[in-house]
file coords.tsv (TSV, C-alpha atoms)
chain	number	residue	atom	x	y	z
A	576	SER	CA	12.35	-4.21	-27.38
A	577	GLN	CA	10.50	-0.96	-27.75
A	578	GLN	CA	8.13	0.68	-25.31
A	579	GLY	CA	4.60	-0.35	-26.26
A	580	GLU	CA	5.51	-3.40	-28.29
A	581	GLU	CA	2.62	-5.46	-29.62
A	582	ASP	CA	2.47	-9.18	-30.01
A	583	PRO	CA	1.78	-10.87	-32.37
A	584	GLN	CA	2.92	-8.74	-35.29
A	585	ALA	CA	0.23	-10.26	-37.49
A	586	LEU	CA	-2.90	-12.27	-36.75
A	587	SER	CA	-5.36	-13.90	-39.14
A	588	ILE	CA	-8.59	-15.42	-37.85
A	589	GLN	CA	-12.02	-16.41	-39.11
A	590	GLU	CA	-14.95	-14.05	-38.80
A	591	GLY	CA	-16.78	-14.67	-35.57
A	592	GLU	CA	-13.71	-15.78	-33.64
A	593	ASN	CA	-12.12	-13.75	-30.85
A	594	ALA	CA	-8.88	-11.88	-31.44
A	595	THR	CA	-6.37	-11.20	-28.68
A	596	MET	CA	-3.44	-8.84	-28.98
A	597	ASN	CA	-0.83	-8.15	-26.36
A	598	CYS	CA	1.30	-5.14	-25.57
A	599	SER	CA	4.35	-4.88	-23.36
A	600	TYR	CA	6.04	-1.74	-22.17
A	601	LYS	CA	9.10	-0.86	-20.15
A	602	THR	CA	8.65	2.29	-18.10
A	603	SER	CA	5.97	3.23	-15.58
A	604	ILE	CA	2.88	4.73	-17.14
A	605	ASN	CA	-0.05	6.98	-16.32
A	606	ASN	CA	-2.32	5.36	-18.86
A	607	LEU	CA	-2.32	3.04	-21.84
A	608	GLN	CA	-4.42	3.53	-24.94
A	609	TRP	CA	-5.35	1.31	-27.87
A	610	TYR	CA	-5.82	2.69	-31.37
A	611	ARG	CA	-6.96	1.20	-34.66
A	612	GLN	CA	-5.61	2.20	-38.03
A	613	ASN	CA	-7.18	1.08	-41.26
A	614	SER	CA	-4.83	0.81	-44.21
A	615	GLY	CA	-3.68	4.23	-45.33
A	616	ARG	CA	-5.91	6.04	-42.87
A	617	GLY	CA	-5.60	7.90	-39.58
A	618	LEU	CA	-5.82	6.47	-36.10
A	619	VAL	CA	-9.06	5.90	-34.30
A	620	HIS	CA	-9.00	5.92	-30.53
A	621	LEU	CA	-10.53	2.74	-29.10
A	622	ILE	CA	-10.06	2.74	-25.36
A	623	LEU	CA	-7.96	4.25	-22.57
A	624	ILE	CA	-7.12	2.41	-19.39
A	625	ARG	CA	-5.53	4.23	-16.47
A	626	SER	CA	-2.70	2.79	-14.42
A	627	ASN	CA	-4.98	2.17	-11.44
A	628	GLU	CA	-7.47	0.18	-13.52
A	629	ARG	CA	-7.19	-3.52	-14.28
A	630	GLU	CA	-9.90	-4.10	-16.86
A	631	LYS	CA	-12.13	-2.04	-19.08
A	632	HIS	CA	-14.88	-2.85	-21.56
A	633	SER	CA	-16.25	-0.99	-24.54
A	634	GLY	CA	-18.71	-2.86	-26.74
A	635	ARG	CA	-16.90	-5.88	-28.16
A	636	LEU	CA	-13.59	-4.70	-26.78
A	637	ARG	CA	-12.02	-5.76	-23.52
A	638	VAL	CA	-8.74	-4.35	-22.32
A	639	THR	CA	-6.72	-5.58	-19.38
A	640	LEU	CA	-3.73	-3.96	-17.75
A	641	ASP	CA	-1.18	-5.64	-15.51
A	642	THR	CA	1.21	-2.98	-14.26
A	643	SER	CA	3.29	-5.55	-12.35
A	644	LYS	CA	4.07	-7.29	-15.64
A	645	LYS	CA	4.00	-4.07	-17.64
A	646	SER	CA	1.59	-5.59	-20.11
A	647	SER	CA	-1.83	-5.07	-21.59
A	648	SER	CA	-4.13	-7.11	-23.77
A	649	LEU	CA	-6.86	-6.17	-26.20
A	650	LEU	CA	-9.60	-8.70	-26.84
A	651	ILE	CA	-12.03	-8.26	-29.71
A	652	THR	CA	-14.95	-10.64	-29.41
A	653	ALA	CA	-17.09	-11.96	-32.27
A	654	SER	CA	-14.78	-10.46	-34.88
A	655	ARG	CA	-16.12	-8.97	-38.11
A	656	ALA	CA	-14.50	-8.35	-41.48
A	657	ALA	CA	-14.61	-4.63	-40.69
A	658	ASP	CA	-12.25	-5.23	-37.76
A	659	THR	CA	-9.43	-5.86	-40.24
A	660	ALA	CA	-6.88	-3.18	-39.39
A	661	SER	CA	-3.65	-2.52	-37.53
A	662	TYR	CA	-3.94	-2.12	-33.79
A	663	PHE	CA	-1.51	-0.07	-31.77
A	664	CYS	CA	-1.03	0.35	-28.07
A	665	ALA	CA	0.31	3.66	-26.87
A	666	THR	CA	1.57	4.59	-23.45
A	667	TYR	CA	1.78	7.88	-21.67
A	668	SER	CA	4.39	8.12	-18.98
A	669	GLY	CA	4.11	11.70	-17.80
A	670	GLY	CA	6.99	13.28	-15.94
A	671	GLY	CA	7.69	15.67	-18.77
A	672	ALA	CA	7.37	13.15	-21.58
A	673	ASP	CA	4.35	14.59	-23.28
A	674	GLY	CA	3.91	12.44	-26.33
A	675	LEU	CA	2.44	8.99	-26.60
A	676	THR	CA	4.84	6.11	-27.22
A	677	PHE	CA	3.54	3.70	-29.82
A	678	GLY	CA	4.49	0.15	-30.63
A	679	LYS	CA	4.80	-1.21	-34.15
A	680	GLY	CA	1.31	-2.62	-34.07
A	681	THR	CA	-0.50	-5.88	-34.71
A	682	HIS	CA	-1.94	-6.33	-38.16
A	683	LEU	CA	-5.26	-8.15	-37.79
A	684	ILE	CA	-6.93	-9.85	-40.75
A	685	ILE	CA	-10.44	-11.21	-40.39
A	686	GLN	CA	-11.21	-13.87	-42.99
A	687	PRO	CA	-14.88	-13.84	-44.08
B	1142	ASN	CA	-18.25	18.54	-34.21
B	1143	ALA	CA	-15.47	18.36	-36.77
B	1144	GLY	CA	-12.51	16.22	-35.87
B	1145	VAL	CA	-8.86	17.04	-36.27
B	1146	MET	CA	-8.23	18.30	-39.78
B	1147	GLN	CA	-5.02	18.03	-41.70
B	1148	ASN	CA	-4.09	19.27	-45.11
B	1149	PRO	CA	-2.95	18.46	-47.58
B	1150	ARG	CA	-3.72	14.75	-47.39
B	1151	HIS	CA	-0.99	13.98	-49.89
B	1152	LEU	CA	2.07	16.05	-50.68
B	1153	VAL	CA	4.76	15.39	-53.25
B	1154	ARG	CA	8.01	17.32	-53.09
B	1155	ARG	CA	11.35	17.10	-54.85
B	1156	ARG	CA	14.53	16.89	-52.85
B	1157	GLY	CA	15.56	20.30	-51.55
B	1158	GLN	CA	12.06	21.78	-51.54
B	1159	GLU	CA	10.08	22.81	-48.49
B	1160	ALA	CA	7.07	20.94	-47.13
B	1161	ARG	CA	4.40	22.67	-45.07
B	1162	LEU	CA	1.87	20.52	-43.26
B	1163	ARG	CA	-1.14	22.04	-41.55
B	1164	CYS	CA	-3.27	20.85	-38.67
B	1165	SER	CA	-6.43	22.30	-37.19
B	1166	PRO	CA	-7.27	20.77	-33.80
B	1167	MET	CA	-10.71	19.75	-32.69
B	1168	LYS	CA	-12.93	22.56	-31.52
B	1169	GLY	CA	-12.13	23.42	-27.94
B	1170	HIS	CA	-8.73	21.73	-28.04
B	1171	SER	CA	-5.69	23.90	-27.45
B	1172	HIS	CA	-2.97	21.24	-27.39
B	1173	VAL	CA	-1.44	19.82	-30.54
B	1174	TYR	CA	0.97	16.96	-31.12
B	1175	TRP	CA	2.81	15.90	-34.26
B	1176	TYR	CA	3.85	12.32	-34.97
B	1177	ARG	CA	5.66	10.67	-37.87
B	1178	GLN	CA	4.95	7.17	-39.12
B	1179	LEU	CA	7.39	5.38	-41.36
B	1180	PRO	CA	6.13	2.44	-43.47
B	1181	GLU	CA	5.29	-0.63	-41.39
B	1182	GLU	CA	6.18	1.26	-38.20
B	1183	GLY	CA	4.29	2.73	-35.27
B	1184	LEU	CA	4.01	6.45	-34.74
B	1185	LYS	CA	6.94	8.38	-33.30
B	1186	PHE	CA	6.30	11.51	-31.25
B	1187	MET	CA	7.85	14.67	-32.64
B	1188	VAL	CA	6.57	17.76	-30.88
B	1189	TYR	CA	3.89	19.03	-28.50
B	1190	LEU	CA	2.61	22.57	-28.74
B	1191	GLN	CA	0.13	24.85	-27.09
B	1192	LYS	CA	-0.95	28.13	-28.58
B	1193	GLU	CA	2.19	30.19	-29.24
B	1194	ASN	CA	4.35	27.80	-27.24
B	1195	ILE	CA	6.46	24.76	-27.98
B	1196	ILE	CA	6.21	22.62	-24.87
B	1197	ASP	CA	8.16	19.51	-25.83
B	1198	GLU	CA	10.17	19.06	-29.02
B	1199	SER	CA	12.24	16.13	-27.83
B	1200	GLY	CA	11.24	14.05	-30.87
B	1201	MET	CA	12.01	16.65	-33.49
B	1202	PRO	CA	15.10	16.27	-35.68
B	1203	LYS	CA	17.54	19.04	-34.81
B	1204	GLU	CA	17.81	20.41	-38.31
B	1205	ARG	CA	15.34	21.29	-41.07
B	1206	PHE	CA	12.22	20.61	-38.98
B	1207	SER	CA	10.22	23.26	-37.17
B	1208	ALA	CA	6.71	23.58	-35.79
B	1209	GLU	CA	4.48	26.39	-34.68
B	1210	PHE	CA	0.98	26.86	-33.35
B	1211	PRO	CA	0.09	30.55	-33.67
B	1212	LYS	CA	-2.58	32.37	-31.73
B	1213	GLU	CA	-4.77	32.32	-34.81
B	1214	GLY	CA	-4.84	29.62	-37.44
B	1215	PRO	CA	-3.64	26.04	-37.71
B	1216	SER	CA	-0.50	24.43	-36.41
B	1217	ILE	CA	2.22	24.14	-39.03
B	1218	LEU	CA	4.92	21.50	-39.34
B	1219	ARG	CA	7.60	22.75	-41.69
B	1220	ILE	CA	10.31	20.66	-43.25
B	1221	GLN	CA	12.99	22.54	-45.11
B	1222	GLN	CA	15.20	21.06	-47.82
B	1223	VAL	CA	13.39	17.74	-47.80
B	1224	VAL	CA	15.28	14.50	-48.39
B	1225	ARG	CA	13.95	11.08	-49.43
B	1226	GLY	CA	14.15	9.87	-45.83
B	1227	ASP	CA	11.48	12.43	-44.89
B	1228	SER	CA	8.91	10.43	-46.87
B	1229	ALA	CA	6.39	9.28	-44.29
B	1230	ALA	CA	2.91	9.85	-42.97
B	1231	TYR	CA	2.71	12.80	-40.58
B	1232	PHE	CA	-0.12	12.76	-38.10
B	1233	CYS	CA	-1.42	15.54	-35.93
B	1234	ALA	CA	-3.37	14.93	-32.73
B	1235	SER	CA	-5.10	17.27	-30.34
B	1236	SER	CA	-6.31	17.09	-26.79
B	1237	GLN	CA	-8.43	19.24	-24.57
B	1238	ARG	CA	-6.05	19.86	-21.71
B	1239	GLN	CA	-2.71	18.83	-20.46
B	1240	GLY	CA	-0.75	18.99	-17.28
B	1241	ARG	CA	2.23	17.48	-15.62
B	1242	GLU	CA	2.09	14.45	-13.31
B	1243	ALA	CA	-0.55	16.06	-11.15
B	1244	TRP	CA	-3.00	15.89	-14.06
B	1245	ARG	CA	-4.54	12.97	-15.82
B	1246	LYS	CA	-3.63	12.67	-19.46
B	1247	GLU	CA	-6.54	13.14	-21.79
B	1248	THR	CA	-7.15	11.19	-24.93
B	1249	GLN	CA	-5.43	12.40	-28.06
B	1250	TYR	CA	-7.59	12.56	-31.16
B	1251	PHE	CA	-5.79	12.03	-34.42
B	1252	GLY	CA	-6.26	13.57	-37.82
B	1253	PRO	CA	-6.21	11.62	-41.09
B	1254	GLY	CA	-2.55	12.39	-41.70
B	1255	THR	CA	-0.52	13.93	-44.48
B	1256	ARG	CA	1.40	11.50	-46.65
B	1257	LEU	CA	4.60	13.12	-47.80
B	1258	LEU	CA	6.48	11.67	-50.73
B	1259	VAL	CA	9.89	13.08	-51.58
B	1260	LEU	CA	11.08	12.33	-55.08

call {"tool": "encode", "arguments": {"input": "coords.tsv", "output": "structure tokens"}}
result
Amino acid sequence: SQQGEEDPQALSIQEGENATMNCSYKTSINNLQWYRQNSGRGLVHLILIRSNEREKHSGRLRVTLDTSKKSSSLLITASRAADTASYFCATYSGGGADGLTFGKGTHLIIQP
Amino acid sequence: NAGVMQNPRHLVRRRGQEARLRCSPMKGHSHVYWYRQLPEEGLKFMVYLQKENIIDESGMPKERFSAEFPKEGPSILRIQQVVRGDSAAYFCASSQRQGREAWRKETQYFGPGTRLLVL
């Protein structure tokens, strides 16, 4: 599997429900970031969690990081139709690897 | 405060032509990254530049692709003699500062992308 691989690949839920997406990675990281991409658009940065942090909140978003399992989760509470998008996790490893490593993303559909 | 700007937003080229993609980082940002996104895929890192320097081009194809970030003006990603497989969305990102392991990585802010179609 790839570094920063999201699970599930696609998720469809009813408006108002919570959506949970997971991300696994292979190498050690300095931080992990979640991005949202609406169809045909650019990426919007959602949240960054550093390797020494375990949980972070931003509005309706909650991100957890478990470095022992090399995994992260993104929870969106009280979902809205406008949350329909693809969500990507991206890791930064440092040590001379300067770019972010992205997974293939989770495509989230919120049914009204 | 304007975000990362990319132009053109859409570019159509015939096989064998050259494609030039431009990126202006956010104000105050001096570090630029280029990524490529194939359909239904995540982004793949291509190159990281600072003003007048290529820092990391480990993701760049060895041939036909080049990037620059001059002292003045935008960063340019140049693809010579394009082929159909170059069709993709190319995203630029910028950040405020960078460093090696001693530094914390800053957030990268992405532009809207340039969608290249090679006919």

call {"tool": "residues_around", "arguments": {"input": "coords.tsv", "residues": "Ser1165 (chain B)", "least_positions_apart": "5", "cutoff": "7 Å", "atoms": "only C-alpha atoms", "output": "VMD selection string"}}
result
chain B and resid 1145 to 1147 1215 to 1216

call {"tool": "closest_atom_pairs", "arguments": {"input": "coords.tsv", "of": "chain A", "to": "chain B", "cutoff": "12 Å", "atoms": "all atoms listed in the file", "output": "CSV"}}
result
residue,atom,partner,partner_atom,distance
A:Gln577,CA,B:Gly1183,CA,10.4
A:Gln578,CA,B:Gly1183,CA,10.9
A:Gly579,CA,B:Gly1183,CA,9.5
A:Glu580,CA,B:Gly1183,CA,9.4
A:Glu581,CA,B:Gly1183,CA,10.1
A:Gln584,CA,B:Glu1181,CA,10.4
A:Ala585,CA,B:Glu1181,CA,11.6
A:Ile604,CA,B:Glu1242,CA,10.5
A:Asn605,CA,B:Lys1246,CA,7.4
A:Asn606,CA,B:Lys1246,CA,7.5
A:Leu607,CA,B:Thr1248,CA,10.0
A:Gln608,CA,B:Thr1248,CA,8.1
A:Trp609,CA,B:Thr1248,CA,10.5
A:Tyr610,CA,B:Phe1251,CA,9.8
A:Arg611,CA,B:Phe1251,CA,10.9
A:Gln612,CA,B:Pro1253,CA,9.9
A:Asn613,CA,B:Pro1253,CA,10.6
A:Ser614,CA,B:Glu1181,CA,10.6
A:Gly615,CA,B:Pro1253,CA,8.9
A:Arg616,CA,B:Pro1253,CA,5.9
A:Gly617,CA,B:Pro1253,CA,4.1
A:Leu618,CA,B:Phe1251,CA,5.8
A:Val619,CA,B:Phe1251,CA,6.9
A:His620,CA,B:Tyr1250,CA,6.8
A:Leu621,CA,B:Thr1248,CA,10.0
A:Ile622,CA,B:Thr1248,CA,8.9
A:Leu623,CA,B:Thr1248,CA,7.4
A:Ile624,CA,B:Thr1248,CA,10.4
A:Arg625,CA,B:Arg1245,CA,8.8
A:Ser626,CA,B:Arg1245,CA,10.4
A:Asn627,CA,B:Arg1245,CA,11.7
A:Ser661,CA,B:Gly1183,CA,9.8
A:Tyr662,CA,B:Gly1183,CA,9.7
A:Phe663,CA,B:Gly1183,CA,7.3
A:Cys664,CA,B:Gly1183,CA,9.3
A:Ala665,CA,B:Leu1184,CA,9.1
A:Thr666,CA,B:Lys1246,CA,10.4
A:Tyr667,CA,B:Lys1246,CA,7.6
A:Ser668,CA,B:Glu1242,CA,8.8
A:Gly669,CA,B:Glu1242,CA,5.6
A:Gly670,CA,B:Glu1242,CA,5.7
A:Gly671,CA,B:Arg1241,CA,6.6
A:Ala672,CA,B:Asp1197,CA,7.7
A:Asp673,CA,B:Asp1197,CA,6.7
A:Gly674,CA,B:Phe1186,CA,5.5
A:Leu675,CA,B:Phe1186,CA,6.5
A:Thr676,CA,B:Lys1185,CA,6.8
A:Phe677,CA,B:Gly1183,CA,5.6
A:Gly678,CA,B:Gly1183,CA,5.3
A:Lys679,CA,B:Gly1183,CA,4.1
A:Gly680,CA,B:Gly1183,CA,6.2
A:Thr681,CA,B:Gly1183,CA,9.9
A:His682,CA,B:Glu1181,CA,9.8

call {"tool": "write_last_selection", "arguments": {"input": "coords.tsv", "atoms": "C-alpha atoms", "output": "short mmCIF file (atom, residue, chain, number, x, y, z; two decimals), keeping the file's coordinate frame"}}
result
data_model
loop_
_atom_site.label_atom_id
_atom_site.label_comp_id
_atom_site.auth_asym_id
_atom_site.auth_seq_id
_atom_site.Cartn_x
_atom_site.Cartn_y
_atom_site.Cartn_z
CA GLN A 577 10.50 -0.96 -27.75
CA GLN A 578 8.13 0.68 -25.31
CA GLY A 579 4.60 -0.35 -26.26
CA GLU A 580 5.51 -3.40 -28.29
CA GLU A 581 2.62 -5.46 -29.62
CA GLN A 584 2.92 -8.74 -35.29
CA ALA A 585 0.23 -10.26 -37.49
CA ILE A 604 2.88 4.73 -17.14
CA ASN A 605 -0.05 6.98 -16.32
CA ASN A 606 -2.32 5.36 -18.86
CA LEU A 607 -2.32 3.04 -21.84
CA GLN A 608 -4.42 3.53 -24.94
CA TRP A 609 -5.35 1.31 -27.87
CA TYR A 610 -5.82 2.69 -31.37
CA ARG A 611 -6.96 1.20 -34.66
CA GLN A 612 -5.61 2.20 -38.03
CA ASN A 613 -7.18 1.08 -41.26
CA SER A 614 -4.83 0.81 -44.21
CA GLY A 615 -3.68 4.23 -45.33
CA ARG A 616 -5.91 6.04 -42.87
CA GLY A 617 -5.60 7.90 -39.58
CA LEU A 618 -5.82 6.47 -36.10
CA VAL A 619 -9.06 5.90 -34.30
CA HIS A 620 -9.00 5.92 -30.53
CA LEU A 621 -10.53 2.74 -29.10
CA ILE A 622 -10.06 2.74 -25.36
CA LEU A 623 -7.96 4.25 -22.57
CA ILE A 624 -7.12 2.41 -19.39
CA ARG A 625 -5.53 4.23 -16.47
CA SER A 626 -2.70 2.79 -14.42
CA ASN A 627 -4.98 2.17 -11.44
CA SER A 661 -3.65 -2.52 -37.53
CA TYR A 662 -3.94 -2.12 -33.79
CA PHE A 663 -1.51 -0.07 -31.77
CA CYS A 664 -1.03 0.35 -28.07
CA ALA A 665 0.31 3.66 -26.87
CA THR A 666 1.57 4.59 -23.45
CA TYR A 667 1.78 7.88 -21.67
CA SER A 668 4.39 8.12 -18.98
CA GLY A 669 4.11 11.70 -17.80
CA GLY A 670 6.99 13.28 -15.94
CA GLY A 671 7.69 15.67 -18.77
CA ALA A 672 7.37 13.15 -21.58
CA ASP A 673 4.35 14.59 -23.28
CA GLY A 674 3.91 12.44 -26.33
CA LEU A 675 2.44 8.99 -26.60
CA THR A 676 4.84 6.11 -27.22
CA PHE A 677 3.54 3.70 -29.82
CA GLY A 678 4.49 0.15 -30.63
CA LYS A 679 4.80 -1.21 -34.15
CA GLY A 680 1.31 -2.62 -34.07
CA THR A 681 -0.50 -5.88 -34.71
CA HIS A 682 -1.94 -6.33 -38.16
#

call {"tool": "atom_distance", "arguments": {"input": "coords.tsv", "atom1": "CA of Arg1154 (chain B)", "atom2": "CA of Phe1210 (chain B)"}}
result
23.0 Å

call {"tool": "closest_residue", "arguments": {"input": "coords.tsv", "among": "A:Leu636, A:Asn597, A:Ile685, A:Lys631", "to": "Ala660 (chain A)", "atoms": "all atoms listed in the file"}}
result
A:Ile685

call {"tool": "atom_distance", "arguments": {"input": "coords.tsv", "atom1": "CA of Ile1195 (chain B)", "atom2": "CA of Leu1258 (chain B)"}}
result
26.2 Å

call {"tool": "axis_aligned_box", "arguments": {"input": "coords.tsv", "around": "region 633-643 of chain A", "padding_each_side": "5 Å", "output": "AutoDock Vina command-line options"}}
result
--center_x -7.7 --center_y -3.4 --center_z -20.3 --size_x 32.0 --size_y 14.9 --size_z 25.8

call {"tool": "atom_distance", "arguments": {"input": "coords.tsv", "atom1": "CA of Glu628 (chain A)", "atom2": "CA of Ser643 (chain A)"}}
result
12.2 Å

call {"tool": "closest_residue", "arguments": {"input": "coords.tsv", "among": "A:Ser603, A:Ser646, A:Thr652, A:Thr659", "to": "His632 (chain A)", "atoms": "only C-alpha atoms"}}
result
A:Thr652

call {"tool": "residues_around", "arguments": {"input": "coords.tsv", "residues": "Glu592 (chain A)", "least_positions_apart": "5", "cutoff": "12 Å", "atoms": "only C-alpha atoms", "output": "number ranges by chain"}}
result
A: 586-587, 635, 650-656, 658, 684-687

call {"tool": "residues_around", "arguments": {"input": "coords.tsv", "residues": "Asn1148 (chain B)", "least_positions_apart": "6", "cutoff": "7 Å", "atoms": "all atoms listed in the file", "output": "MDAnalysis selection string"}}
result
chainID B and resid 1162:1164 1255

call {"tool": "residues_around", "arguments": {"input": "coords.tsv", "residues": "Ser1228 (chain B)", "least_positions_apart": "5", "cutoff": "9 Å", "atoms": "all atoms listed in the file", "output": "ChimeraX atom specification"}}
result
/B:1179,1223,1256-1260

call {"tool": "closest_residue", "arguments": {"input": "coords.tsv", "among": "B:Ala1143, B:Met1167, B:Ala1208, B:Val1173", "to": "Gln1221 (chain B)", "atoms": "only C-alpha atoms"}}
result
B:Ala1208
